[in-house]
Amino acid sequence: MKLLLLSLGLGLACALQDPEEVPVQPGFRPEEVEGPWQTLKLGATDRSVIEEGGAYRCFMTSIRNLGNGNMNVTYFHRNEHGKCVEEFFIGEKTDTPGLYTFEYKGKNTLTFVAVGSDFTIMDFQNDNLDLAVVELQVRPPSLSVSPPGQEAYSKHLSRRGIGSDNTEDLTVQARCPSPGS
Ligand SMILES: *[C@@H]1O[C@H](CO)[C@@H](O)[C@H](O)[C@H]1NC(C)=O
C-alpha cells in the first residue's frame, strides 16, 4: 500500500511539470519581463485553442509586477460576439522564480522559458485540459523577432512536440484590437 501511494505521488509530481520539457529561464528576474508586450506567435498541442475564437488566442499587452510577488498580465481576447475585450489574470508566484500559477479553464502553470532583451517565451500548461500553449512575445512597436528569440521559440516548440502546422503567426492575421475595432 505504501509503495502504491509513493508511486502514485511520484507519477503526479512528474505529470505536473517535466523540467526537461519546460525549463525555466535561469536567473529569472521579474523586472525583466515587466512592461508592454505584444504577442507575435502561438503554438499549441491542440490547434483549436489558438485559432480564431479559441480560448488561448490572446494578444498580450503588458505585465505588471505586484508588490506581493504576483504579476498582473493583461491581454486582449475576442469574445463570443467577435468583439475585442481587455482581460487580465493574476499569476501567483511559486517557490520557483519564473514559474506562476493561475486559474483559467482549470489550473494553469505559466513558465518563463526564455527571456531576452527584446523577447520572451511563455509556456502555459493546463492540466485539466491536458494542454500546452507556447507564446512568443516581443516588445512593441516591433512586429518582428530577433534571431535569438526565433531560435528560442523554435527550440521550445520542438521540446513540446508542437509541429509548425500547430502554430499561428499573429502578425499576418487580424490583430485584436485592430485599428477601428
Ligand atoms: C490588473 O490590470 C488591469 C488592467 O490594467 C486592472 O483593471 C486590474 O484592476 C488589475 N488588477 C490587479 C489586481 O492589479
# chains A, B, ... in the order shown; residues from 1 in each chain; ligands from 1
>>> residues_around(residues="region 47-51 of chain A", least_positions_apart="5", cutoff="9 Å", atoms="only C-alpha atoms", output="ChimeraX atom specification")
/A:42,56-58,133,165-168
>>> residues_near_ligand(ligand="ligand 1", cutoff="12 Å", atoms="only C-alpha atoms and all ligand atoms", output="list in words")
Gly35, Pro36, Met60, Thr61, Ser62, Ile63, Arg64, Asn65, Leu66, Gly67, Asn68, Gly69, Asn70, Met71, Asn72, Val73, Thr74, Tyr75, Phe76, Val85, Glu86, Glu87, Phe88, Phe89, Ile90, Gly91 and Glu92 of chain A
>>> write_last_selection(atoms="N, CA and C atoms", output="PDB file, in the first residue's frame")
ATOM      1  N   GLY A  35       6.313  45.479 -18.094  1.00  0.00           N
ATOM      2  CA  GLY A  35       6.094  46.489 -19.131  1.00  0.00           C
ATOM      3  C   GLY A  35       5.289  45.978 -20.307  1.00  0.00           C
ATOM      4  N   PRO A  36       5.297  46.767 -21.418  1.00  0.00           N
ATOM      5  CA  PRO A  36       4.459  46.425 -22.572  1.00  0.00           C
ATOM      6  C   PRO A  36       5.009  45.259 -23.399  1.00  0.00           C
ATOM      7  N   MET A  60      -1.319  39.585 -25.781  1.00  0.00           N
ATOM      8  CA  MET A  60      -0.871  40.159 -24.522  1.00  0.00           C
ATOM      9  C   MET A  60      -0.472  41.624 -24.728  1.00  0.00           C
ATOM     10  N   THR A  61      -0.763  42.456 -23.742  1.00  0.00           N
ATOM     11  CA  THR A  61      -0.376  43.867 -23.853  1.00  0.00           C
ATOM     12  C   THR A  61       0.621  44.290 -22.783  1.00  0.00           C
ATOM     13  N   SER A  62       0.518  43.720 -21.573  1.00  0.00           N
ATOM     14  CA  SER A  62       1.507  44.122 -20.569  1.00  0.00           C
ATOM     15  C   SER A  62       1.594  43.155 -19.395  1.00  0.00           C
ATOM     16  N   ILE A  63       2.722  43.274 -18.694  1.00  0.00           N
ATOM     17  CA  ILE A  63       2.925  42.556 -17.434  1.00  0.00           C
ATOM     18  C   ILE A  63       3.266  43.593 -16.385  1.00  0.00           C
ATOM     19  N   ARG A  64       2.560  43.537 -15.277  1.00  0.00           N
ATOM     20  CA  ARG A  64       2.893  44.421 -14.157  1.00  0.00           C
ATOM     21  C   ARG A  64       3.138  43.594 -12.918  1.00  0.00           C
ATOM     22  N   ASN A  65       4.281  43.828 -12.275  1.00  0.00           N
ATOM     23  CA  ASN A  65       4.591  43.094 -11.050  1.00  0.00           C
ATOM     24  C   ASN A  65       3.877  43.753  -9.880  1.00  0.00           C
ATOM     25  N   LEU A  66       3.219  42.937  -9.083  1.00  0.00           N
ATOM     26  CA  LEU A  66       2.506  43.448  -7.917  1.00  0.00           C
ATOM     27  C   LEU A  66       3.432  43.343  -6.706  1.00  0.00           C
ATOM     28  N   GLY A  67       3.140  44.117  -5.678  1.00  0.00           N
ATOM     29  CA  GLY A  67       4.020  44.190  -4.523  1.00  0.00           C
ATOM     30  C   GLY A  67       4.279  42.862  -3.832  1.00  0.00           C
ATOM     31  N   ASN A  68       3.313  41.940  -3.936  1.00  0.00           N
ATOM     32  CA  ASN A  68       3.443  40.668  -3.203  1.00  0.00           C
ATOM     33  C   ASN A  68       4.150  39.572  -3.999  1.00  0.00           C
ATOM     34  N   GLY A  69       4.740  39.950  -5.154  1.00  0.00           N
ATOM     35  CA  GLY A  69       5.468  38.939  -5.937  1.00  0.00           C
ATOM     36  C   GLY A  69       4.618  38.292  -7.021  1.00  0.00           C
ATOM     37  N   ASN A  70       3.299  38.553  -6.996  1.00  0.00           N
ATOM     38  CA  ASN A  70       2.445  38.063  -8.079  1.00  0.00           C
ATOM     39  C   ASN A  70       2.550  39.000  -9.276  1.00  0.00           C
ATOM     40  N   MET A  71       1.995  38.608 -10.415  1.00  0.00           N
ATOM     41  CA  MET A  71       2.007  39.509 -11.569  1.00  0.00           C
ATOM     42  C   MET A  71       0.636  39.635 -12.211  1.00  0.00           C
ATOM     43  N   ASN A  72       0.378  40.836 -12.729  1.00  0.00           N
ATOM     44  CA  ASN A  72      -0.874  41.121 -13.420  1.00  0.00           C
ATOM     45  C   ASN A  72      -0.586  41.115 -14.918  1.00  0.00           C
ATOM     46  N   VAL A  73      -1.163  40.154 -15.615  1.00  0.00           N
ATOM     47  CA  VAL A  73      -0.932  40.002 -17.050  1.00  0.00           C
ATOM     48  C   VAL A  73      -2.198  40.438 -17.793  1.00  0.00           C
ATOM     49  N   THR A  74      -2.093  41.487 -18.612  1.00  0.00           N
ATOM     50  CA  THR A  74      -3.273  41.945 -19.353  1.00  0.00           C
ATOM     51  C   THR A  74      -3.147  41.575 -20.822  1.00  0.00           C
ATOM     52  N   TYR A  75      -4.279  41.323 -21.439  1.00  0.00           N
ATOM     53  CA  TYR A  75      -4.303  40.874 -22.831  1.00  0.00           C
ATOM     54  C   TYR A  75      -5.661  41.176 -23.447  1.00  0.00           C
ATOM     55  N   PHE A  76      -5.691  41.201 -24.773  1.00  0.00           N
ATOM     56  CA  PHE A  76      -6.957  41.319 -25.496  1.00  0.00           C
ATOM     57  C   PHE A  76      -7.358  39.948 -26.013  1.00  0.00           C
ATOM     58  N   VAL A  85     -11.981  42.426 -26.295  1.00  0.00           N
ATOM     59  CA  VAL A  85     -12.132  42.911 -24.925  1.00  0.00           C
ATOM     60  C   VAL A  85     -10.813  42.725 -24.176  1.00  0.00           C
ATOM     61  N   GLU A  86     -10.537  43.664 -23.265  1.00  0.00           N
ATOM     62  CA  GLU A  86      -9.324  43.554 -22.469  1.00  0.00           C
ATOM     63  C   GLU A  86      -9.617  42.741 -21.213  1.00  0.00           C
ATOM     64  N   GLU A  87      -8.734  41.798 -20.929  1.00  0.00           N
ATOM     65  CA  GLU A  87      -8.894  40.973 -19.734  1.00  0.00           C
ATOM     66  C   GLU A  87      -7.549  40.878 -19.025  1.00  0.00           C
ATOM     67  N   PHE A  88      -7.562  40.322 -17.841  1.00  0.00           N
ATOM     68  CA  PHE A  88      -6.282  40.102 -17.157  1.00  0.00           C
ATOM     69  C   PHE A  88      -6.351  38.864 -16.289  1.00  0.00           C
ATOM     70  N   PHE A  89      -5.203  38.299 -15.979  1.00  0.00           N
ATOM     71  CA  PHE A  89      -5.138  37.255 -14.955  1.00  0.00           C
ATOM     72  C   PHE A  89      -4.020  37.591 -13.998  1.00  0.00           C
ATOM     73  N   ILE A  90      -4.144  37.088 -12.783  1.00  0.00           N
ATOM     74  CA  ILE A  90      -3.108  37.306 -11.780  1.00  0.00           C
ATOM     75  C   ILE A  90      -2.288  36.014 -11.671  1.00  0.00           C
ATOM     76  N   GLY A  91      -1.028  36.082 -12.122  1.00  0.00           N
ATOM     77  CA  GLY A  91      -0.130  34.948 -11.984  1.00  0.00           C
ATOM     78  C   GLY A  91       0.384  34.930 -10.548  1.00  0.00           C
ATOM     79  N   GLU A  92       0.132  33.826  -9.850  1.00  0.00           N
ATOM     80  CA  GLU A  92       0.584  33.742  -8.458  1.00  0.00           C
ATOM     81  C   GLU A  92       1.964  33.120  -8.409  1.00  0.00           C
TER      82      GLU A  92
END
>>> select_by_dssp(residues="region 32-177 of chain A", states="helix (DSSP H, G or I)", output="list in words")
Glu32, Val33, Arg47, Ser48, Val49, Ile50, Pro147, Pro148, Gly149, Gln150, Glu151, Ala152, Tyr153, Ser154, Lys155, His156, Leu157, Ser158, Arg159, Ser164, Asp165, Asn166, Leu170, Thr171 and Val172 of chain A
>>> residues_around(residues="region 109-122 of chain A", least_positions_apart="4", cutoff="7 Å", atoms="only C-alpha atoms", output="list in words")
Val22, Pro23, Val24, Gln25, Gly98, Leu99, Tyr100, Thr101, Phe102, Asn126, Val134, Glu135, Leu136, Gln137, Val138, Arg139, Gly149, Ala152 and Tyr153 of chain A
>>> closest_residue(among="A:Thr94, A:Ser164, A:Thr39, A:Thr45", to="His77 (chain A)", atoms="only C-alpha atoms")
A:Thr39
>>> select_by_dssp(residues="region 21-152 of chain A", states="strand (DSSP E or B)", output="JSON, numbers by chain")
{"A": [35, 36, 38, 39, 40, 41, 42, 43, 44, 59, 60, 61, 62, 63, 64, 65, 71, 72, 73, 74, 75, 76, 77, 78, 84, 85, 86, 87, 88, 89, 90, 91, 92, 93, 99, 100, 101, 102, 103, 107, 108, 109, 110, 111, 112, 113, 114, 115, 119, 120, 121, 122, 123, 124, 125, 126, 131, 132, 133, 134, 135, 136, 137, 138]}
>>> closest_residue(among="A:Arg175, A:Asn108, A:Gly161, A:Phe124", to="Leu143 (chain A)", atoms="only C-alpha atoms")
A:Arg175
>>> atom_distance(atom1="CA of Asn128 (chain A)", atom2="CA of Lys107 (chain A)")
6.6 Å
>>> closest_residue(among="A:Glu20, A:Asp95, A:Glu103, A:Asp46", to="Ala132 (chain A)", atoms="only C-alpha atoms")
A:Asp46
